[in-house]
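The structure file input.cif is reproduced below (mmCIF, C-alpha atoms).
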data_start
#
loop_
_atom_site.label_atom_id
_atom_site.label_comp_id
_atom_site.auth_asym_id
_atom_site.auth_seq_id
_atom_site.Cartn_x
_atom_site.Cartn_y
_atom_site.Cartn_z
CA MET Z 1312 47.02 6.46 -22.53
CA ALA Z 1313 43.72 7.86 -21.24
CA VAL Z 1314 43.70 5.42 -18.32
CA LEU Z 1315 47.31 6.27 -17.46
CA ARG Z 1316 46.48 9.98 -17.43
CA SER Z 1317 43.66 9.34 -14.97
CA LEU Z 1318 46.02 7.51 -12.60
CA VAL Z 1319 48.74 10.11 -12.85
CA ALA Z 1320 46.20 12.92 -12.40
CA VAL Z 1321 45.42 11.86 -8.85
CA GLY Z 1322 49.05 11.06 -8.05
CA ALA Z 1323 48.42 7.35 -7.82
CA VAL Z 1324 51.20 5.68 -9.79
CA PRO Z 1325 53.32 8.26 -11.64
CA GLY Z 1326 55.40 6.99 -14.54
CA LEU Z 1327 53.83 3.52 -14.80
CA TRP Z 1328 52.31 1.97 -17.90
CA TRP Z 1329 50.23 -1.04 -18.80
CA GLY Z 1330 48.84 -2.73 -21.90
CA ALA Z 1331 45.51 -2.20 -23.59
CA ALA Z 1332 42.48 -2.08 -21.32
CA ARG Z 1333 40.48 -5.26 -20.86
CA ALA Z 1334 37.04 -4.94 -22.43
CA ALA Z 1335 34.53 -4.62 -19.62
CA ALA Z 1336 31.87 -7.31 -19.49
CA GLY Z 1337 28.30 -6.73 -18.41
CA LEU Z 1338 24.79 -5.70 -19.35
CA ARG Z 1339 23.89 -2.20 -20.46
CA GLY Z 1340 20.67 -0.26 -20.52
CA ARG Z 1341 18.52 -2.59 -18.45
CA CYS Z 1342 18.25 -3.91 -14.92
CA PRO Z 1343 17.39 -7.63 -15.06
CA ARG Z 1344 15.77 -9.47 -12.15
CA ARG Z 1345 17.95 -12.18 -10.71
CA GLY Z 1346 17.45 -14.96 -8.20
CA TYR Z 1347 20.08 -17.49 -7.21
CA ALA Z 1348 20.39 -20.68 -5.23
CA ALA Z 1349 23.59 -21.50 -3.38
CA ASP Z 1350 25.69 -24.31 -4.82
CA SER Z 1351 28.36 -24.92 -2.19
CA ALA Z 1352 29.02 -24.65 1.53
CA GLN Z 1353 30.20 -21.42 3.11
CA SER Z 1354 33.87 -21.05 3.99
CA ALA Z 1355 36.15 -18.26 5.20
CA PRO Z 1356 35.64 -15.24 2.92
CA THR Z 1357 38.16 -14.49 0.19
CA PHE Z 1358 36.22 -11.47 -1.05
CA GLY Z 1359 34.93 -8.19 0.33
CA PHE Z 1360 32.46 -5.42 -0.47
CA LEU Z 1361 33.03 -1.71 -1.06
CA LEU Z 1362 29.57 -0.17 -0.69
CA ASP Z 1363 28.55 3.29 -1.77
CA ILE Z 1364 25.92 4.87 0.49
CA ASP Z 1365 23.81 7.55 -1.25
CA GLY Z 1366 21.73 6.00 -4.02
CA VAL Z 1367 22.69 2.46 -2.95
CA LEU Z 1368 21.72 2.14 0.72
CA VAL Z 1369 19.84 5.40 1.28
CA ARG Z 1370 18.12 8.21 -0.61
CA GLY Z 1371 18.55 11.31 1.52
CA HIS Z 1372 17.47 10.23 5.03
CA ARG Z 1373 15.39 7.28 3.82
CA VAL Z 1374 16.81 3.77 3.74
CA ILE Z 1375 16.26 1.86 0.50
CA PRO Z 1376 14.31 -1.33 1.33
CA ALA Z 1377 16.67 -3.50 -0.71
CA ALA Z 1378 19.52 -2.44 1.59
CA LEU Z 1379 17.78 -4.02 4.57
CA GLU Z 1380 17.33 -7.23 2.60
CA ALA Z 1381 20.99 -7.17 1.57
CA PHE Z 1382 22.19 -6.88 5.15
CA ARG Z 1383 19.99 -9.76 6.26
CA ARG Z 1384 22.22 -11.79 3.96
CA LEU Z 1385 25.46 -10.09 4.96
CA VAL Z 1386 24.98 -10.28 8.75
CA ASN Z 1387 24.93 -13.57 10.67
CA SER Z 1388 22.71 -14.55 13.59
CA HIS Z 1389 25.20 -12.98 16.02
CA GLY Z 1390 24.95 -9.57 14.36
CA GLN Z 1391 28.37 -9.89 12.75
CA LEU Z 1392 29.26 -9.43 9.10
CA ARG Z 1393 29.89 -12.67 7.22
CA VAL Z 1394 32.37 -10.96 4.89
CA PRO Z 1395 34.45 -7.77 5.21
CA VAL Z 1396 32.52 -4.64 4.24
CA VAL Z 1397 33.69 -1.04 3.96
CA PHE Z 1398 31.35 1.87 3.24
CA VAL Z 1399 32.97 4.21 0.72
CA THR Z 1400 31.13 7.50 0.30
CA ASN Z 1401 32.02 10.75 -1.37
CA ALA Z 1402 30.19 12.61 1.37
CA GLY Z 1403 32.41 14.62 3.68
CA ASN Z 1404 30.35 17.15 5.63
CA ILE Z 1405 29.98 14.82 8.61
CA LEU Z 1406 32.24 13.17 11.16
CA GLN Z 1407 33.26 9.57 10.50
CA GLN Z 1408 31.83 8.47 13.84
CA SER Z 1409 28.53 10.25 13.16
CA LYS Z 1410 28.23 8.58 9.76
CA ALA Z 1411 28.82 5.17 11.36
CA GLN Z 1412 26.09 5.87 13.94
CA GLU Z 1413 23.71 7.02 11.20
CA LEU Z 1414 24.30 3.84 9.19
CA SER Z 1415 23.90 1.67 12.29
CA ALA Z 1416 20.48 3.17 12.97
CA LEU Z 1417 19.35 2.79 9.37
CA LEU Z 1418 20.68 -0.71 8.68
CA GLY Z 1419 20.01 -2.31 12.04
CA PHE Z 1420 23.50 -3.53 12.93
CA LYS Z 1421 26.61 -2.00 14.48
CA VAL Z 1422 28.76 -0.12 11.94
CA GLU Z 1423 32.18 0.80 13.31
CA PRO Z 1424 33.77 4.16 12.40
CA ASP Z 1425 36.76 2.42 10.80
CA GLN Z 1426 34.37 0.75 8.35
CA VAL Z 1427 33.45 4.17 6.92
CA ILE Z 1428 35.59 6.04 4.40
CA LEU Z 1429 34.56 9.64 3.78
CA SER Z 1430 35.76 11.44 0.68
CA HIS Z 1431 38.53 13.21 2.59
CA SER Z 1432 39.69 10.26 4.75
CA PRO Z 1433 42.88 9.69 2.68
CA MET Z 1434 44.00 13.24 3.55
CA LYS Z 1435 45.44 11.63 6.68
CA LEU Z 1436 48.29 10.52 4.41
CA PHE Z 1437 49.30 14.08 3.42
CA SER Z 1438 51.31 14.68 6.57
CA GLN Z 1439 53.62 17.24 4.93
CA TYR Z 1440 50.70 19.73 5.10
CA HIS Z 1441 49.39 18.86 8.56
CA ASN Z 1442 51.34 21.61 10.37
CA LYS Z 1443 50.67 24.32 7.78
CA ARG Z 1444 48.06 27.06 8.18
CA MET Z 1445 45.26 25.91 5.86
CA LEU Z 1446 42.05 27.61 4.71
CA VAL Z 1447 39.26 25.01 4.93
CA SER Z 1448 36.07 25.10 2.86
CA GLY Z 1449 32.90 23.05 3.26
CA GLN Z 1450 30.16 22.78 5.85
CA GLY Z 1451 29.28 20.79 8.94
CA PRO Z 1452 32.01 20.00 11.51
CA LEU Z 1453 34.78 21.45 9.37
CA VAL Z 1454 37.37 22.13 12.04
CA GLU Z 1455 36.75 18.80 13.78
CA ASN Z 1456 37.09 16.92 10.52
CA ALA Z 1457 40.28 18.75 9.62
CA ARG Z 1458 41.80 17.95 13.01
CA VAL Z 1459 40.79 14.28 12.78
CA LEU Z 1460 42.63 14.22 9.44
CA GLY Z 1461 45.74 15.62 11.14
CA PHE Z 1462 45.59 19.31 10.20
CA GLU Z 1463 46.61 21.30 13.26
CA ASN Z 1464 46.17 24.91 12.14
CA VAL Z 1465 43.07 25.66 10.07
CA VAL Z 1466 41.10 28.79 9.25
CA THR Z 1467 37.50 28.59 8.07
CA VAL Z 1468 36.08 30.76 5.31
CA ASP Z 1469 33.81 32.45 7.87
CA GLU Z 1470 36.80 33.29 10.08
CA LEU Z 1471 38.62 34.76 7.10
CA ARG Z 1472 35.53 36.79 6.15
CA MET Z 1473 35.27 38.19 9.66
CA ALA Z 1474 38.96 39.15 9.61
CA PHE Z 1475 38.59 40.87 6.22
CA PRO Z 1476 34.94 42.02 5.89
CA VAL Z 1477 35.52 43.94 2.65
CA LEU Z 1478 36.32 40.72 0.77
CA ASP Z 1479 32.73 39.40 0.83
CA MET Z 1480 30.66 41.83 -1.24
CA VAL Z 1481 28.00 39.85 -3.16
CA ASP Z 1482 25.33 39.80 -0.43
CA LEU Z 1483 24.25 43.41 0.11
CA GLN Z 1484 23.01 42.55 3.58
CA ARG Z 1485 26.46 41.39 4.68
CA ARG Z 1486 28.48 44.26 3.24
CA PRO Z 1487 30.16 46.35 5.93
CA LYS Z 1488 28.40 49.67 6.55
CA THR Z 1489 31.71 51.40 7.17
CA THR Z 1490 35.20 50.76 5.86
CA PRO Z 1491 37.15 48.81 8.48
CA LEU Z 1492 40.87 49.24 9.03
CA LEU Z 1493 43.05 46.83 7.10
CA ARG Z 1494 44.65 44.19 9.24
CA ASN Z 1495 48.35 43.42 9.07
CA ASP Z 1496 48.47 40.94 11.96
CA PHE Z 1497 46.70 38.04 10.26
CA PRO Z 1498 49.15 35.14 9.70
CA ALA Z 1499 49.62 34.09 6.08
CA ILE Z 1500 47.62 31.11 4.82
CA GLU Z 1501 49.80 28.33 3.42
CA GLY Z 1502 47.32 26.10 1.60
CA VAL Z 1503 43.67 25.31 0.87
CA LEU Z 1504 41.55 22.33 1.97
CA LEU Z 1505 38.35 21.71 0.01
CA LEU Z 1506 36.44 19.14 2.08
CA GLY Z 1507 32.98 19.46 0.51
CA GLU Z 1508 30.44 21.82 -0.97
CA PRO Z 1509 30.00 25.01 1.09
CA ILE Z 1510 26.69 26.75 1.76
CA ARG Z 1511 27.50 30.21 0.37
CA TRP Z 1512 29.30 29.39 -2.85
CA GLU Z 1513 29.87 33.02 -3.85
CA THR Z 1514 31.66 33.76 -0.57
CA SER Z 1515 33.84 30.64 -0.67
CA LEU Z 1516 34.75 31.10 -4.33
CA GLN Z 1517 35.71 34.75 -3.77
CA LEU Z 1518 37.80 34.17 -0.66
CA ILE Z 1519 39.56 31.07 -1.99
CA MET Z 1520 40.50 33.04 -5.10
CA ASP Z 1521 41.71 35.92 -2.91
CA VAL Z 1522 43.97 33.53 -1.01
CA LEU Z 1523 45.38 31.92 -4.15
CA LEU Z 1524 45.96 35.19 -5.99
CA SER Z 1525 47.57 36.91 -2.98
CA ASN Z 1526 49.81 33.97 -2.05
CA GLY Z 1527 48.00 33.56 1.24
CA ASN Z 1528 47.73 37.25 2.23
CA PRO Z 1529 44.17 38.24 1.23
CA GLY Z 1530 44.39 41.65 2.87
CA THR Z 1531 47.01 42.69 0.32
CA GLY Z 1532 47.23 42.65 -3.45
CA LEU Z 1533 49.91 41.36 -5.78
CA ALA Z 1534 50.67 42.78 -9.20
CA THR Z 1535 51.15 39.27 -10.59
CA ALA Z 1536 49.43 36.16 -9.30
CA PRO Z 1537 51.98 33.57 -8.12
CA TYR Z 1538 52.25 30.33 -10.07
CA PRO Z 1539 52.47 27.61 -9.04
CA HIS Z 1540 49.94 28.77 -6.48
CA LEU Z 1541 49.57 27.59 -2.89
CA PRO Z 1542 48.91 23.86 -2.45
CA VAL Z 1543 45.28 22.79 -2.85
CA LEU Z 1544 43.89 19.49 -1.53
CA ALA Z 1545 40.36 18.55 -2.57
CA SER Z 1546 37.95 15.70 -1.94
CA ASN Z 1547 34.66 14.60 -3.52
CA MET Z 1548 34.70 15.19 -7.26
CA ASP Z 1549 31.06 14.17 -7.83
CA LEU Z 1550 29.38 16.55 -10.24
CA LEU Z 1551 25.98 15.18 -9.18
CA TRP Z 1552 24.49 13.05 -6.43
CA MET Z 1553 21.08 11.56 -5.71
CA ALA Z 1554 18.85 12.56 -2.78
CA GLU Z 1555 15.04 12.48 -2.43
CA ALA Z 1556 14.47 14.69 -5.50
CA ARG Z 1557 13.67 13.01 -8.80
CA MET Z 1558 16.64 14.63 -10.50
CA PRO Z 1559 20.29 14.59 -9.30
CA ARG Z 1560 21.60 17.46 -7.17
CA PHE Z 1561 24.83 19.45 -7.58
CA GLY Z 1562 27.80 17.93 -5.79
CA HIS Z 1563 31.20 19.24 -4.76
CA GLY Z 1564 32.48 18.48 -8.26
CA THR Z 1565 30.26 21.29 -9.50
CA PHE Z 1566 31.83 23.67 -6.98
CA LEU Z 1567 35.32 22.57 -8.08
CA LEU Z 1568 34.32 23.17 -11.71
CA CYS Z 1569 33.28 26.73 -10.80
CA LEU Z 1570 36.55 27.39 -8.96
CA GLU Z 1571 38.68 25.95 -11.79
CA THR Z 1572 36.81 27.98 -14.41
CA ILE Z 1573 37.15 31.24 -12.46
CA TYR Z 1574 40.86 30.64 -11.83
CA ARG Z 1575 41.53 29.90 -15.50
CA LYS Z 1576 39.47 32.91 -16.61
CA MET Z 1577 41.35 35.27 -14.26
CA THR Z 1578 44.89 33.93 -14.69
CA GLY Z 1579 44.93 32.09 -18.01
CA LYS Z 1580 46.36 29.07 -16.15
CA GLU Z 1581 45.00 25.85 -14.74
CA LEU Z 1582 44.22 25.38 -11.07
CA ARG Z 1583 46.47 22.60 -9.80
CA TYR Z 1584 45.79 20.06 -7.06
CA GLU Z 1585 48.37 18.43 -4.83
CA GLY Z 1586 45.81 15.72 -4.19
CA LEU Z 1587 42.33 14.76 -5.35
CA MET Z 1588 40.54 12.31 -3.08
CA GLY Z 1589 37.28 10.40 -3.06
CA LYS Z 1590 35.99 8.15 -5.78
CA PRO Z 1591 37.19 7.61 -8.52
CA SER Z 1592 40.69 8.30 -7.13
CA VAL Z 1593 42.87 5.18 -6.97
CA LEU Z 1594 44.20 6.41 -3.63
CA THR Z 1595 40.72 6.07 -2.11
CA TYR Z 1596 40.46 2.46 -3.28
CA GLN Z 1597 43.92 1.66 -1.93
CA TYR Z 1598 42.81 3.11 1.39
CA ALA Z 1599 39.62 1.00 1.30
CA GLU Z 1600 41.57 -2.13 0.38
CA ASP Z 1601 43.78 -1.68 3.42
CA LEU Z 1602 40.75 -1.32 5.72
CA ILE Z 1603 39.23 -4.48 4.24
CA ARG Z 1604 42.46 -6.35 5.02
CA GLN Z 1605 42.57 -5.02 8.58
CA GLN Z 1606 38.93 -5.95 9.13
CA ALA Z 1607 39.56 -9.52 7.96
CA GLU Z 1608 42.58 -9.81 10.26
CA ARG Z 1609 40.57 -8.64 13.28
CA ARG Z 1610 37.92 -11.26 12.56
CA GLY Z 1611 40.55 -13.98 12.36
CA TRP Z 1612 39.88 -14.76 8.71
CA VAL Z 1613 43.23 -16.17 7.63
CA ALA Z 1614 42.37 -16.62 3.95
CA PRO Z 1615 43.62 -13.60 1.96
CA ILE Z 1616 41.00 -11.29 0.43
CA ARG Z 1617 41.57 -11.71 -3.29
CA LYS Z 1618 38.48 -10.09 -4.80
CA LEU Z 1619 36.71 -6.81 -4.12
CA TYR Z 1620 33.21 -5.99 -5.33
CA ALA Z 1621 32.40 -2.28 -5.53
CA ILE Z 1622 28.67 -1.53 -5.58
CA GLY Z 1623 27.53 1.95 -6.58
CA ASP Z 1624 24.96 4.01 -8.44
CA ASN Z 1625 27.16 6.53 -10.25
CA PRO Z 1626 28.92 5.42 -13.47
CA MET Z 1627 31.45 8.23 -13.24
CA SER Z 1628 32.56 7.85 -9.63
CA ASP Z 1629 31.66 4.29 -8.59
CA VAL Z 1630 32.09 2.35 -11.84
CA TYR Z 1631 34.95 4.42 -13.24
CA GLY Z 1632 36.81 4.27 -9.92
CA ALA Z 1633 36.39 0.52 -9.42
CA ASN Z 1634 37.46 -0.22 -12.99
CA LEU Z 1635 40.43 2.15 -12.73
CA PHE Z 1636 41.52 0.41 -9.54
CA HIS Z 1637 41.12 -2.97 -11.24
CA LYS Z 1638 43.43 -1.80 -14.04
CA TYR Z 1639 45.89 -0.67 -11.42
CA LEU Z 1640 45.79 -4.08 -9.70
CA GLN Z 1641 46.41 -5.80 -13.04
CA MET Z 1642 49.30 -3.49 -13.76
CA VAL Z 1643 50.87 -4.23 -10.38
CA LYS Z 1644 50.35 -7.95 -10.89
CA HIS Z 1645 51.87 -8.08 -14.35
CA ASP Z 1646 54.61 -5.49 -14.01
CA GLY Z 1647 55.57 -6.22 -10.43
CA ALA Z 1648 55.41 -2.51 -9.65
CA GLU Z 1649 55.45 -1.33 -6.05
CA LYS Z 1650 52.10 -0.06 -4.85
CA GLN Z 1651 52.15 3.51 -3.70
CA GLY Z 1652 49.74 6.27 -2.93
CA ALA Z 1653 49.65 9.87 -4.05
CA GLY Z 1654 53.14 10.95 -5.01
CA GLY Z 1655 54.59 7.98 -3.10
CA LEU Z 1656 52.98 9.20 0.16
CA TRP Z 1657 51.72 5.82 1.25
CA ARG Z 1658 53.06 2.36 0.60
CA GLN Z 1659 50.96 -0.60 1.54
CA ARG Z 1660 52.18 -3.91 2.81
CA PRO Z 1661 52.08 -6.59 0.08
CA SER Z 1662 48.47 -7.21 -0.90
CA ALA Z 1663 46.75 -10.36 -2.09
CA THR Z 1664 43.95 -8.46 -3.83
CA GLN Z 1665 43.75 -9.49 -7.47
CA SER Z 1666 40.61 -7.84 -8.83
CA CYS Z 1667 37.94 -5.22 -8.24
CA ALA Z 1668 34.61 -5.75 -10.02
CA SER Z 1669 32.14 -2.90 -10.53
CA ILE Z 1670 28.42 -3.47 -9.92
CA LEU Z 1671 26.00 -0.72 -10.91
CA VAL Z 1672 22.59 -0.43 -9.26
CA CYS Z 1673 19.50 1.39 -10.56
CA THR Z 1674 18.37 3.06 -7.32
CA GLY Z 1675 20.35 6.29 -7.61
CA VAL Z 1676 22.07 8.43 -10.23
CA TYR Z 1677 22.10 5.77 -12.95
CA ASN Z 1678 18.82 5.57 -14.86
CA PRO Z 1679 18.49 2.51 -17.13
CA LYS Z 1680 15.78 4.29 -19.14
CA GLY Z 1681 17.96 7.33 -19.77
CA PRO Z 1682 20.78 7.79 -22.27
CA GLU Z 1683 23.84 5.64 -21.78
CA PRO Z 1684 26.61 7.64 -20.07
CA THR Z 1685 29.05 6.78 -22.86
CA GLN Z 1686 26.70 7.74 -25.72
CA PRO Z 1687 26.00 11.24 -27.11
CA VAL Z 1688 22.63 12.73 -26.22
CA GLN Z 1689 20.29 13.74 -29.00
CA GLY Z 1690 21.66 16.68 -30.98
CA ALA Z 1691 25.18 16.42 -29.50
CA GLU Z 1692 28.32 15.02 -31.10
CA GLU Z 1693 29.89 13.78 -27.88
CA ALA Z 1694 28.65 12.15 -24.70
CA PRO Z 1695 28.50 14.52 -21.71
CA PHE Z 1696 31.42 13.78 -19.41
CA HIS Z 1697 30.53 14.24 -15.75
CA GLY Z 1698 33.98 13.36 -14.49
CA HIS Z 1699 36.58 15.73 -13.12
CA ARG Z 1700 38.82 17.69 -15.46
CA ASP Z 1701 41.90 15.70 -14.44
CA PHE Z 1702 40.34 12.38 -15.46
CA SER Z 1703 40.20 11.44 -19.12
CA PHE Z 1704 36.95 10.36 -20.74
CA SER Z 1705 37.43 6.61 -21.15
CA PRO Z 1706 34.18 4.85 -22.14
CA GLY Z 1707 35.54 1.43 -21.19
CA LEU Z 1708 36.05 2.52 -17.59
CA MET Z 1709 32.41 3.57 -17.34
CA GLU Z 1710 31.11 0.13 -18.35
CA ALA Z 1711 30.06 -1.80 -15.26
CA SER Z 1712 30.98 -5.44 -14.88
CA HIS Z 1713 27.36 -6.06 -13.90
CA ILE Z 1714 24.13 -4.07 -13.74
CA VAL Z 1715 21.41 -5.07 -11.28
CA ASN Z 1716 18.30 -3.47 -9.86
CA ASP Z 1717 19.51 -2.87 -6.33
CA VAL Z 1718 22.09 -3.70 -3.68
CA ASN Z 1719 20.21 -6.85 -2.58
CA GLU Z 1720 20.48 -8.29 -6.08
CA ALA Z 1721 24.13 -7.26 -6.15
CA VAL Z 1722 24.86 -9.20 -2.95
CA GLN Z 1723 22.99 -12.23 -4.30
CA LEU Z 1724 25.00 -12.04 -7.50
CA VAL Z 1725 28.32 -11.97 -5.63
CA PHE Z 1726 27.35 -14.79 -3.26
CA HIS Z 1727 26.37 -16.89 -6.26
CA LYS Z 1728 29.66 -16.16 -8.03
CA GLU Z 1729 31.61 -17.03 -4.88
CA GLY Z 1730 29.58 -20.18 -4.17
CA TRP Z 1731 28.21 -18.88 -0.90
CA ILE Z 1732 24.99 -19.78 0.89
CA LEU Z 1733 22.41 -17.02 0.51
#
Would you mind writing the structure in this file as structure tokens?
Amino acid sequence: MAVLRSLVAVGAVPGLWWGAARAAAGLRGRCPRRGYAADSAQSAPTFGFLLDIDGVLVRGHRVIPAALEAFRRLVNSHGQLRVPVVFVTNAGNILQQSKAQELSALLGFKVEPDQVILSHSPMKLFSQYHNKRMLVSGQGPLVENARVLGFENVVTVDELRMAFPVLDMVDLQRRPKTTPLLRNDFPAIEGVLLLGEPIRWETSLQLIMDVLLSNGNPGTGLATAPYPHLPVLASNMDLLWMAEARMPRFGHGTFLLCLETIYRKMTGKELRYEGLMGKPSVLTYQYAEDLIRQQAERRGWVAPIRKLYAIGDNPMSDVYGANLFHKYLQMVKHDGAEKQGAGGLWRQRPSATQSCASILVCTGVYNPKGPEPTQPVQGAEEAPFHGHRDFSFSPGLMEASHIVNDVNEAVQLVFHKEGWIL
């Protein structure tokens, strides 16, 4: 039931059910060294890779050496990938094209924009909100990203603050020196887009709450907060992520936790999402699966892609998401259910994908010397759950199929399993 709740929470496959979860195989608590020799000739690929970026390929702005070794195996002498690869990141404060250029420079081969999935990329599917006036929160090229996703009429938090200066009162230096006239010509906001962690959390939290509690008219006040509130779309649920620092940094999931807690404290009700995107959402993996298929078709690989290998460093987003998607694939296979995206928004063409294996690396968030993510820490009765509120704690989904030191060992492992020349 816990797995079903996680699928329904992100609007992946409402009303569907499957049997008991398959026990996840793999090694826990250590990162063994592996070396393999090929045992058969290379053929057209029937498998593909879903690669996380931060903590797997890079740490901050520094490429992880094992990533360069991995791509020497993945790229042929003509500079082309030997198998389909999609980069699936929960980052979102950058343009897709810019991320592709950044990866190209770091990895030494041409990465195309359509090989990169940002946390908010599946928002392209939510066309029923594309013509609505949406408040957008995050940083970086916010308006450009929103427009690339299809949203035609967006307002940034800074624009809202400038229109209503008295709403932003935490920073004494930014408080208005005089009381401005209230505006009555500002068009109502019809929804909220949360694309990534903002810079001034106190400002974004305050103004988003103002919009939700005023039904999109923050210059006014309502006696009773409307519920259900305006639609909210959010991406990137990572509580933590790994950069150059020795300890993980706060992610957008931490910001969402703050917003949800404030909303519940002020209204006594739960903040609701029309869509949650990014790993571990099933919708994100469906989106990635479709890009893998398209990539294989462009390369002329006629053999269907039957297996996906998801390589990541975060048990909660990468491992949980890959395992959840694997359960979904098994459910579709056994029950013959029609594949659909959030709330039936997106229906894929028939897919040959049969499995999605999770491979956890030790170069990022996961620390093999630390406490297991499914075990209570000393002095606590329960394991800390770093997942989003709308996902159930399911220890089996956080057990990786395989644990290796780094992405190079992960690629070697997969090539060995598939009988490919290293």
Taking the file as shown, find all residues satisfying the PyMOL selection byres ((chain Z and resi 1574) around 12) and write them as a ChimeraX atom specification. /Z:1516-1517,1519-1524,1536,1538,1540,1567-1573,1575-1583
Could you list the residues chosen by the PyMOL selection byres ((chain Z and resi 1440-1456) around 8) in this structure as a VMD selection string? chain Z and resid 1404 to 1406 1437 to 1439 1457 to 1468 1499 to 1510 1515 1519
For this file, the PyMOL selection byres ((chain Z and resi 1729) around 9) selects which residues, as a VMD selection string? chain Z and resid 1351 1356 to 1358 1724 to 1728 1730 to 1731
Keeping only C-alpha atoms, write the selected residues to a file as a PDB file, in the frame of the given file.
ATOM      1  CA  SER Z1351      28.360 -24.920  -2.190  1.00  0.00           C
ATOM      2  CA  PRO Z1356      35.640 -15.240   2.920  1.00  0.00           C
ATOM      3  CA  THR Z1357      38.160 -14.490   0.190  1.00  0.00           C
ATOM      4  CA  PHE Z1358      36.220 -11.470  -1.050  1.00  0.00           C
ATOM      5  CA  LEU Z1724      25.000 -12.040  -7.500  1.00  0.00           C
ATOM      6  CA  VAL Z1725      28.320 -11.970  -5.630  1.00  0.00           C
ATOM      7  CA  PHE Z1726      27.350 -14.790  -3.260  1.00  0.00           C
ATOM      8  CA  HIS Z1727      26.370 -16.890  -6.260  1.00  0.00           C
ATOM      9  CA  LYS Z1728      29.660 -16.160  -8.030  1.00  0.00           C
ATOM     10  CA  GLY Z1730      29.580 -20.180  -4.170  1.00  0.00           C
ATOM     11  CA  TRP Z1731      28.210 -18.880  -0.900  1.00  0.00           C
TER      12      TRP Z1731
END
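Between His1431 (chain Z) and the residues Z:Val1477, Z:Met1588, Z:Leu1550, Z:Val1394, the shortest atom-to-atom distance, using all atoms listed in the file, involves Z:Met1588.
Of the residues under consideration (Z:Asn1387, Z:Ser1432, Z:Ser1705, Z:Thr1514), Z:Ser1432 shows the shortest atom-to-atom contact distance to Lys1590 (chain Z) when counting only C-alpha atoms.
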Residue among Z:Leu1361, Z:Gly1419, Z:Arg1373, Z:Thr1664 lying closest to Val1386 (chain Z), counting all atoms listed in the file: Z:Gly1419
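Straight-line separation from CA of Val1543 (chain Z) to CA of Ala1411 (chain Z): 28.0 Å.
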